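One file, run.pdb, carrying PDB, C-alpha atoms:
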MODEL        1
ATOM      1  CA  ARG A 185       2.595  59.261  90.350  1.00  0.00           C
ATOM      2  CA  SER A 186       3.352  62.941  90.512  1.00  0.00           C
ATOM      3  CA  ARG A 187       6.508  62.880  92.620  1.00  0.00           C
ATOM      4  CA  PRO A 188       9.954  61.908  91.336  1.00  0.00           C
ATOM      5  CA  PHE A 189      11.000  58.345  92.041  1.00  0.00           C
ATOM      6  CA  ARG A 190      14.287  56.490  92.178  1.00  0.00           C
ATOM      7  CA  ILE A 191      15.263  53.197  90.581  1.00  0.00           C
ATOM      8  CA  ALA A 192      15.353  51.452  93.978  1.00  0.00           C
ATOM      9  CA  GLU A 193      11.603  52.052  94.309  1.00  0.00           C
ATOM     10  CA  VAL A 194      10.881  49.942  91.208  1.00  0.00           C
ATOM     11  CA  GLU A 195      13.665  47.334  91.492  1.00  0.00           C
ATOM     12  CA  GLY A 196      11.194  44.540  92.195  1.00  0.00           C
ATOM     13  CA  LEU A 197       9.884  44.846  88.626  1.00  0.00           C
ATOM     14  CA  GLY A 198      12.905  43.179  87.015  1.00  0.00           C
ATOM     15  CA  SER A 199      16.642  42.533  86.997  1.00  0.00           C
ATOM     16  CA  GLY A 200      19.091  45.449  86.978  1.00  0.00           C
ATOM     17  CA  PRO A 201      20.045  45.456  83.253  1.00  0.00           C
ATOM     18  CA  ALA A 202      16.477  44.740  82.102  1.00  0.00           C
ATOM     19  CA  LEU A 203      15.105  47.486  84.330  1.00  0.00           C
ATOM     20  CA  ASN A 204      17.694  50.002  83.087  1.00  0.00           C
ATOM     21  CA  GLN A 205      16.855  49.101  79.484  1.00  0.00           C
ATOM     22  CA  ALA A 206      13.115  49.451  80.117  1.00  0.00           C
ATOM     23  CA  LEU A 207      13.579  52.843  81.803  1.00  0.00           C
ATOM     24  CA  SER A 208      15.784  54.053  78.934  1.00  0.00           C
ATOM     25  CA  ARG A 209      13.176  52.943  76.420  1.00  0.00           C
ATOM     26  CA  LEU A 210      10.397  54.759  78.341  1.00  0.00           C
ATOM     27  CA  VAL A 211      12.506  57.935  78.426  1.00  0.00           C
ATOM     28  CA  ARG A 212      13.106  57.740  74.638  1.00  0.00           C
ATOM     29  CA  GLN A 213       9.370  57.249  74.063  1.00  0.00           C
ATOM     30  CA  GLY A 214       8.557  60.275  76.231  1.00  0.00           C
ATOM     31  CA  GLN A 215       6.647  58.270  78.835  1.00  0.00           C
ATOM     32  CA  LEU A 216       9.236  59.072  81.541  1.00  0.00           C
ATOM     33  CA  GLN A 217      11.565  61.986  82.223  1.00  0.00           C
ATOM     34  CA  ARG A 218      15.044  61.390  83.553  1.00  0.00           C
ATOM     35  CA  LEU A 219      15.850  64.131  86.072  1.00  0.00           C
ATOM     36  CA  ARG A 220      19.284  62.827  87.058  1.00  0.00           C
ATOM     37  CA  ARG A 221      21.011  59.486  87.109  1.00  0.00           C
ATOM     38  CA  GLY A 222      18.672  57.160  88.966  1.00  0.00           C
ATOM     39  CA  LEU A 223      15.854  59.747  89.349  1.00  0.00           C
ATOM     40  CA  TYR A 224      12.792  59.709  87.119  1.00  0.00           C
ATOM     41  CA  GLN A 225       9.330  61.206  86.960  1.00  0.00           C
ATOM     42  CA  TYR A 226       6.219  60.696  84.914  1.00  0.00           C
ATOM     43  CA  PRO A 227       5.795  63.709  82.628  1.00  0.00           C
ATOM     44  CA  ARG A 228       2.706  65.754  83.287  1.00  0.00           C
ATOM     45  CA  ARG A 229       1.031  68.256  81.004  1.00  0.00           C
ATOM     46  CA  SER A 230      -1.065  71.238  81.924  1.00  0.00           C
ATOM     47  CA  PRO A 231      -4.657  70.549  80.871  1.00  0.00           C
ATOM     48  CA  VAL A 232      -5.201  74.261  80.202  1.00  0.00           C
ATOM     49  CA  LEU A 233      -2.034  75.175  78.285  1.00  0.00           C
ATOM     50  CA  ASP A 234      -1.084  71.691  77.017  1.00  0.00           C
ATOM     51  CA  LEU A 235       2.526  72.347  78.091  1.00  0.00           C
ATOM     52  CA  PRO A 236       4.803  70.179  80.239  1.00  0.00           C
ATOM     53  CA  VAL A 237       4.466  70.806  83.983  1.00  0.00           C
ATOM     54  CA  VAL A 238       7.813  71.102  85.705  1.00  0.00           C
ATOM     55  CA  VAL A 239       8.257  69.119  88.906  1.00  0.00           C
ATOM     56  CA  SER A 240       8.979  71.120  92.039  1.00  0.00           C
ATOM     57  CA  PRO A 241      12.712  71.417  92.808  1.00  0.00           C
ATOM     58  CA  ASP A 242      11.863  70.597  96.430  1.00  0.00           C
ATOM     59  CA  GLN A 243      10.338  67.254  95.367  1.00  0.00           C
ATOM     60  CA  VAL A 244      13.393  66.489  93.230  1.00  0.00           C
ATOM     61  CA  MET A 245      15.761  67.286  96.091  1.00  0.00           C
ATOM     62  CA  HIS A 246      13.873  65.063  98.521  1.00  0.00           C
ATOM     63  CA  ALA A 247      13.928  62.213  95.996  1.00  0.00           C
ATOM     64  CA  TRP A 248      17.676  62.817  95.488  1.00  0.00           C
ATOM     65  CA  ALA A 249      18.207  62.721  99.267  1.00  0.00           C
ATOM     66  CA  ARG A 250      16.250  59.445  99.577  1.00  0.00           C
ATOM     67  CA  LYS A 251      18.301  57.957  96.741  1.00  0.00           C
ATOM     68  CA  ASN A 252      21.548  58.890  98.487  1.00  0.00           C
ATOM     69  CA  GLY A 253      20.428  58.057 102.032  1.00  0.00           C
ATOM     70  CA  LEU A 254      20.750  61.665 103.208  1.00  0.00           C
ATOM     71  CA  ARG A 255      18.644  64.071 105.211  1.00  0.00           C
ATOM     72  CA  ILE A 256      18.130  67.526 103.748  1.00  0.00           C
ATOM     73  CA  VAL A 257      16.571  70.715 105.104  1.00  0.00           C
ATOM     74  CA  PRO A 258      15.759  73.885 103.130  1.00  0.00           C
ATOM     75  CA  ALA A 259      18.215  76.608 104.129  1.00  0.00           C
ATOM     76  CA  GLY A 260      18.637  80.362 103.992  1.00  0.00           C
ATOM     77  CA  ALA A 261      16.328  82.508 101.889  1.00  0.00           C
ATOM     78  CA  HIS A 262      14.813  79.334 100.407  1.00  0.00           C
ATOM     79  CA  ALA A 263      13.550  78.217 103.855  1.00  0.00           C
ATOM     80  CA  ALA A 264      12.235  81.699 104.651  1.00  0.00           C
ATOM     81  CA  ASN A 265      10.435  81.844 101.297  1.00  0.00           C
ATOM     82  CA  LEU A 266       8.888  78.369 101.711  1.00  0.00           C
ATOM     83  CA  LEU A 267       7.478  79.439 105.087  1.00  0.00           C
ATOM     84  CA  GLY A 268       6.136  82.730 103.715  1.00  0.00           C
ATOM     85  CA  LEU A 269       8.455  84.882 105.840  1.00  0.00           C
ATOM     86  CA  THR A 270       9.860  86.684 102.823  1.00  0.00           C
ATOM     87  CA  THR A 271       8.813  87.300  99.243  1.00  0.00           C
ATOM     88  CA  GLN A 272      12.433  87.024  98.137  1.00  0.00           C
ATOM     89  CA  VAL A 273      12.753  84.118  95.713  1.00  0.00           C
ATOM     90  CA  PRO A 274      16.360  82.949  95.746  1.00  0.00           C
ATOM     91  CA  ALA A 275      18.114  82.441  92.412  1.00  0.00           C
ATOM     92  CA  LYS A 276      20.028  79.481  93.828  1.00  0.00           C
ATOM     93  CA  LEU A 277      18.222  77.055  96.094  1.00  0.00           C
ATOM     94  CA  GLU A 278      20.046  76.028  99.262  1.00  0.00           C
ATOM     95  CA  TYR A 279      19.710  72.968 101.460  1.00  0.00           C
ATOM     96  CA  CYS A 280      21.553  71.740 104.529  1.00  0.00           C
ATOM     97  CA  SER A 281      22.553  68.100 104.524  1.00  0.00           C
ATOM     98  CA  ASN A 282      24.352  65.502 106.580  1.00  0.00           C
ATOM     99  CA  GLY A 283      26.229  64.651 103.355  1.00  0.00           C
ATOM    100  CA  PRO A 284      29.049  66.495 101.594  1.00  0.00           C
ATOM    101  CA  THR A 285      28.872  70.091 100.382  1.00  0.00           C
ATOM    102  CA  LYS A 286      28.158  70.189  96.664  1.00  0.00           C
ATOM    103  CA  THR A 287      26.329  72.002  93.904  1.00  0.00           C
ATOM    104  CA  ILE A 288      23.809  69.970  91.931  1.00  0.00           C
ATOM    105  CA  LEU A 289      22.217  70.824  88.602  1.00  0.00           C
ATOM    106  CA  PHE A 290      18.715  69.630  87.697  1.00  0.00           C
ATOM    107  CA  GLY A 291      18.304  70.916  84.175  1.00  0.00           C
ATOM    108  CA  SER A 292      18.680  74.682  84.517  1.00  0.00           C
ATOM    109  CA  ILE A 293      18.091  74.675  88.284  1.00  0.00           C
ATOM    110  CA  GLN A 294      21.189  75.032  90.443  1.00  0.00           C
ATOM    111  CA  VAL A 295      20.974  73.722  94.017  1.00  0.00           C
ATOM    112  CA  HIS A 296      23.677  74.259  96.629  1.00  0.00           C
ATOM    113  CA  VAL A 297      23.840  71.576  99.321  1.00  0.00           C
ATOM    114  CA  LYS A 298      25.809  72.572 102.432  1.00  0.00           C
ATOM    115  CA  HIS A 299      27.155  70.055 104.918  1.00  0.00           C
ATOM    116  CA  ARG A 300      25.927  70.823 108.420  1.00  0.00           C
ATOM    117  CA  GLY A 301      26.724  69.182 111.722  1.00  0.00           C
ATOM    118  CA  PRO A 302      24.481  67.420 114.226  1.00  0.00           C
ATOM    119  CA  ARG A 303      23.237  70.631 115.851  1.00  0.00           C
ATOM    120  CA  THR A 304      21.437  71.455 112.613  1.00  0.00           C
ATOM    121  CA  MET A 305      20.720  68.019 111.218  1.00  0.00           C
ATOM    122  CA  ASN A 306      19.430  66.442 114.456  1.00  0.00           C
ATOM    123  CA  VAL A 307      16.442  68.802 114.589  1.00  0.00           C
ATOM    124  CA  ARG A 308      13.443  66.476 114.325  1.00  0.00           C
ATOM    125  CA  GLY A 309      10.537  67.232 112.039  1.00  0.00           C
ATOM    126  CA  ARG A 310      10.667  68.752 108.573  1.00  0.00           C
ATOM    127  CA  MET A 311       8.819  71.907 109.620  1.00  0.00           C
ATOM    128  CA  SER A 312      10.912  72.427 112.762  1.00  0.00           C
ATOM    129  CA  ALA A 313      14.133  72.167 110.774  1.00  0.00           C
ATOM    130  CA  ALA A 314      12.828  74.633 108.170  1.00  0.00           C
ATOM    131  CA  VAL A 315      11.786  77.085 110.931  1.00  0.00           C
ATOM    132  CA  PHE A 316      15.255  76.885 112.518  1.00  0.00           C
ATOM    133  CA  GLU A 317      16.925  77.594 109.161  1.00  0.00           C
ATOM    134  CA  ALA A 318      14.546  80.431 108.243  1.00  0.00           C
ATOM    135  CA  LEU A 319      15.113  82.117 111.609  1.00  0.00           C
ATOM    136  CA  ARG A 320      18.898  81.732 111.212  1.00  0.00           C
ATOM    137  CA  HIS A 321      18.638  83.376 107.799  1.00  0.00           C
ATOM    138  CA  LEU A 322      16.584  86.307 109.083  1.00  0.00           C
ATOM    139  CA  GLY A 323      18.782  86.810 112.150  1.00  0.00           C
ATOM    140  CA  LYS A 324      17.767  87.739 115.664  1.00  0.00           C
ATOM    141  CA  GLY A 325      17.399  91.439 114.953  1.00  0.00           C
ATOM    142  CA  ARG A 326      14.929  90.941 112.108  1.00  0.00           C
ATOM    143  CA  ILE A 327      12.319  88.696 113.716  1.00  0.00           C
ATOM    144  CA  GLY A 328       9.265  90.390 115.151  1.00  0.00           C
ATOM    145  CA  GLU A 329       5.580  89.903 115.765  1.00  0.00           C
ATOM    146  CA  PRO A 330       4.627  89.464 112.059  1.00  0.00           C
ATOM    147  CA  GLU A 331       7.095  86.582 111.584  1.00  0.00           C
ATOM    148  CA  VAL A 332       6.153  84.907 114.876  1.00  0.00           C
ATOM    149  CA  SER A 333       2.422  85.215 114.105  1.00  0.00           C
ATOM    150  CA  ARG A 334       2.909  83.864 110.584  1.00  0.00           C
ATOM    151  CA  LEU A 335       4.761  80.782 111.850  1.00  0.00           C
ATOM    152  CA  ALA A 336       2.291  80.238 114.699  1.00  0.00           C
ATOM    153  CA  ALA A 337      -0.559  80.303 112.172  1.00  0.00           C
ATOM    154  CA  ILE A 338       0.926  77.821 109.686  1.00  0.00           C
ATOM    155  CA  LEU A 339       2.369  75.260 112.106  1.00  0.00           C
ATOM    156  CA  SER A 340       0.192  72.427 113.364  1.00  0.00           C
ATOM    157  CA  ALA A 341      -0.032  71.545 117.058  1.00  0.00           C
ATOM    158  CA  LYS A 342       2.312  68.610 116.373  1.00  0.00           C
ATOM    159  CA  ASP A 343       4.839  70.942 114.681  1.00  0.00           C
ATOM    160  CA  LYS A 344       4.694  73.321 117.658  1.00  0.00           C
ATOM    161  CA  ALA A 345       5.278  70.441 120.083  1.00  0.00           C
ATOM    162  CA  ARG A 346       8.309  69.406 118.008  1.00  0.00           C
ATOM    163  CA  LEU A 347       9.665  72.952 118.208  1.00  0.00           C
ATOM    164  CA  ILE A 348       9.626  72.689 122.002  1.00  0.00           C
ATOM    165  CA  GLN A 349      11.286  69.242 121.873  1.00  0.00           C
ATOM    166  CA  ASN A 350      14.052  70.720 119.705  1.00  0.00           C
ATOM    167  CA  LEU A 351      14.759  73.711 121.998  1.00  0.00           C
ATOM    168  CA  PRO A 352      18.060  72.240 123.298  1.00  0.00           C
ATOM    169  CA  LEU A 353      19.414  72.313 119.730  1.00  0.00           C
ATOM    170  CA  ALA A 354      18.507  75.982 119.189  1.00  0.00           C
ATOM    171  CA  PRO A 355      20.882  78.885 119.786  1.00  0.00           C
ATOM    172  CA  ALA A 356      20.076  80.821 122.969  1.00  0.00           C
ATOM    173  CA  TRP A 357      18.753  83.864 121.052  1.00  0.00           C
ATOM    174  CA  MET A 358      16.250  81.675 119.155  1.00  0.00           C
ATOM    175  CA  ARG A 359      14.683  79.895 122.136  1.00  0.00           C
ATOM    176  CA  PRO A 360      12.285  82.673 123.254  1.00  0.00           C
ATOM    177  CA  ILE A 361      11.138  83.081 119.651  1.00  0.00           C
ATOM    178  CA  LEU A 362      10.468  79.347 119.297  1.00  0.00           C
ATOM    179  CA  LYS A 363       8.557  79.345 122.602  1.00  0.00           C
ATOM    180  CA  ALA A 364       6.439  82.268 121.381  1.00  0.00           C
ATOM    181  CA  ILE A 365       5.683  80.465 118.109  1.00  0.00           C
ATOM    182  CA  ALA A 366       4.685  77.316 119.991  1.00  0.00           C
ATOM    183  CA  ALA A 367       2.499  79.395 122.327  1.00  0.00           C
ATOM    184  CA  GLY A 368       0.632  80.826 119.342  1.00  0.00           C
ATOM    185  CA  GLY A 369       2.297  84.187 118.732  1.00  0.00           C
ATOM    186  CA  CYS A 370       3.334  87.355 120.571  1.00  0.00           C
ATOM    187  CA  ALA A 371       7.145  87.290 120.709  1.00  0.00           C
TER
ENDMDL
END

Whole structure given in structure tokens:
Amino acid sequence: RSRPFRIAEVEGLGSGPALNQALSRLVRQGQLQRLRRGLYQYPRRSPVLDLPVVVSPDQVMHAWARKNGLRIVPAGAHAANLLGLTTQVPAKLEYCSNGPTKTILFGSIQVHVKHRGPRTMNVRGRMSAAVFEALRHLGKGRIGEPEVSRLAAILSAKDKARLIQNLPLAPAWMRPILKAIAAGGCA
């Protein structure tokens, strides 16, 4: 497996104490990496450089959210960067969540999780939620034809349909932009 996994996903393999002991032993032997309490991954090595391959922070955060029964959405500059709307790579990753506001450390990576209400967290579809957050980050005065065309090109027909379904949750200034993206461009 290449994605991080949580203990609950392997609980059927043994009792709690035995499973914890087995996981600890695998970590000591280097066959598993412990990312955080209850989150593990199989270590991977680059075949070219023979160095450890670091798991994507986005994968770790989604595994963390599953473990804690939360929904998360990339926020701010992180969302805009993931969608290719900016080349800015944020130093601190941000996510919106239906859980409490907190800062989480995964090794040297710092992730800020912000609590958001239903208007943000009820947006259906991972891509739709990321688009909403990226547009909020850019602001209504900084979204033009290049951004609309970029989003129209990368979103699937299903993602565009979800954007339209989520229109009631969007601020008034964002609705014409979302309609233009769903229509295929030309804000």

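By only C-alpha atoms, and with residues fewer than 3 positions from stretch 316-331 of chain A along its chain excluded, the set lying at most 7 Å from it is Ala259, Gly260, Ala261, Ala263, Ala264, Leu269, Ser312, Ala313, Arg334, Leu335, Trp357, Cys370 and Ala371 of chain A.
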
Export C-alpha atoms of the chosen residues as a PDB file, keeping the file's coordinate frame?
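selection-v2.pdb, freshly written:
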ATOM      1  CA  ALA A 259      18.215  76.608 104.129  1.00  0.00           C
ATOM      2  CA  GLY A 260      18.637  80.362 103.992  1.00  0.00           C
ATOM      3  CA  ALA A 261      16.328  82.508 101.889  1.00  0.00           C
ATOM      4  CA  ALA A 263      13.550  78.217 103.855  1.00  0.00           C
ATOM      5  CA  ALA A 264      12.235  81.699 104.651  1.00  0.00           C
ATOM      6  CA  LEU A 269       8.455  84.882 105.840  1.00  0.00           C
ATOM      7  CA  SER A 312      10.912  72.427 112.762  1.00  0.00           C
ATOM      8  CA  ALA A 313      14.133  72.167 110.774  1.00  0.00           C
ATOM      9  CA  ARG A 334       2.909  83.864 110.584  1.00  0.00           C
ATOM     10  CA  LEU A 335       4.761  80.782 111.850  1.00  0.00           C
ATOM     11  CA  TRP A 357      18.753  83.864 121.052  1.00  0.00           C
ATOM     12  CA  CYS A 370       3.334  87.355 120.571  1.00  0.00           C
ATOM     13  CA  ALA A 371       7.145  87.290 120.709  1.00  0.00           C
TER      14      ALA A 371
END

Evaluate the PyMOL selection byres ((chain A and resi 281) around 6) and report residues as an mmCIF file with C-alpha atoms, keeping the file's coordinate frame:
data_model
loop_
_atom_site.group_PDB
_atom_site.id
_atom_site.type_symbol
_atom_site.label_atom_id
_atom_site.label_comp_id
_atom_site.auth_asym_id
_atom_site.auth_seq_id
_atom_site.Cartn_x
_atom_site.Cartn_y
_atom_site.Cartn_z
ATOM 1 C CA ARG A 255 18.644 64.071 105.211
ATOM 2 C CA ILE A 256 18.130 67.526 103.748
ATOM 3 C CA CYS A 280 21.553 71.740 104.529
ATOM 4 C CA ASN A 282 24.352 65.502 106.580
ATOM 5 C CA GLY A 283 26.229 64.651 103.355
ATOM 6 C CA LYS A 298 25.809 72.572 102.432
ATOM 7 C CA HIS A 299 27.155 70.055 104.918
ATOM 8 C CA ARG A 300 25.927 70.823 108.420
#

One-decimal distance in Å that lies between atom CA of A:Ala249 and atom CA of A:Pro201: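 Atom-to-atom, atom CA of A:Pro201 and atom CA of A:Ala249 are spaced 23.6 Å apart.
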
Picked residues, the PyMOL selection byres ((chain A and resi 344) around 9), as a ChimeraX atom specification: /A:312,336,339-343,345-349,362-363,365-368

Output check: residues returned by the PyMOL selection byres ((chain A and resi 274) around 12), as a list of chain:residue names: A:Pro258, A:Ala259, A:Gly260, A:Ala261, A:His262, A:Ala263, A:Ala264, A:Asn265, A:Leu266, A:Thr270, A:Thr271, A:Gln272, A:Val273, A:Ala275, A:Lys276, A:Leu277, A:Glu278, A:Tyr279, A:Ile293, A:Gln294, A:Val295, A:His296

Å distance separating atom CA of A:Gln215 from atom CA of A:Lys251, one decimal place: 21.4 Å

Between atom CA of A:Val257 and atom CA of A:Asp242 - distance in Å to one decimal: 9.9 Å

Residues near stretch 222-225 of chain A, cut-off 6 Å, only C-alpha atoms, skip fewer than 2 positions along chain, as number ranges by chain: A: 188-191, 216-220

Need to verify the contact set: A:Gln243, 9 Å, only C-alpha atoms, exclusion of same-chain residues closer than 4 positions in sequence. Can you return it as a compact mmCIF listing (two decimals) with C-alpha atoms, in the coordinates of the input?
# COMPACT_ATOMS: atom_id res chain seq x y z
CA ARG A 187 6.51 62.88 92.62
CA PRO A 188 9.95 61.91 91.34
CA VAL A 239 8.26 69.12 88.91
CA ALA A 247 13.93 62.21 96.00
CA TRP A 248 17.68 62.82 95.49

Calculate, to one decimal in Å, the centre and edge lengths of the box along x, y and z of the file that holds all listed atoms of stretch 211-222 of chain A with 8 Å of margin on each side, and present them as JSON.
{"center_x": 13.8, "center_y": 60.6, "center_z": 81.5, "size_x": 30.4, "size_y": 23.0, "size_z": 30.9}

Counting all atoms listed in the file, the option among A:Ala206, A:Ala337, A:Val238, A:Val315 closest to A:Met358: A:Val315

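For A:Ile338, the list of residues within 10 Å, based on only C-alpha atoms and with local chain neighbours fewer than 6 positions off taken out, reads Leu267, Gly268, Met311 and Lys344 of chain A.
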
Would you write out those residues with C-alpha atoms, as a PDB file, keeping the file's coordinate frame?
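Output saved as out_38.pdb:
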ATOM      1  CA  LEU A 267       7.478  79.439 105.087  1.00  0.00           C
ATOM      2  CA  GLY A 268       6.136  82.730 103.715  1.00  0.00           C
ATOM      3  CA  MET A 311       8.819  71.907 109.620  1.00  0.00           C
ATOM      4  CA  LYS A 344       4.694  73.321 117.658  1.00  0.00           C
TER       5      LYS A 344
END

Pick from A:Leu203, A:Val307, A:Leu254, A:Met245 nearest to A:Thr287, counting only C-alpha atoms: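 Under the stated criterion, the closest residue is A:Met245.
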
Fewer than 2 positions away in the same chain doesn't count, so skip those; otherwise give me all residues within 10 Å of A:Arg303, counting all atoms listed in the file, as a PDB file with C-alpha atoms, in the coordinates of the input.
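For reference, selection.pdb as written:
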ATOM      1  CA  ARG A 300      25.927  70.823 108.420  1.00  0.00           C
ATOM      2  CA  GLY A 301      26.724  69.182 111.722  1.00  0.00           C
ATOM      3  CA  MET A 305      20.720  68.019 111.218  1.00  0.00           C
ATOM      4  CA  ASN A 306      19.430  66.442 114.456  1.00  0.00           C
ATOM      5  CA  VAL A 307      16.442  68.802 114.589  1.00  0.00           C
ATOM      6  CA  ASN A 350      14.052  70.720 119.705  1.00  0.00           C
ATOM      7  CA  PRO A 352      18.060  72.240 123.298  1.00  0.00           C
ATOM      8  CA  LEU A 353      19.414  72.313 119.730  1.00  0.00           C
ATOM      9  CA  ALA A 354      18.507  75.982 119.189  1.00  0.00           C
ATOM     10  CA  PRO A 355      20.882  78.885 119.786  1.00  0.00           C
TER      11      PRO A 355
END
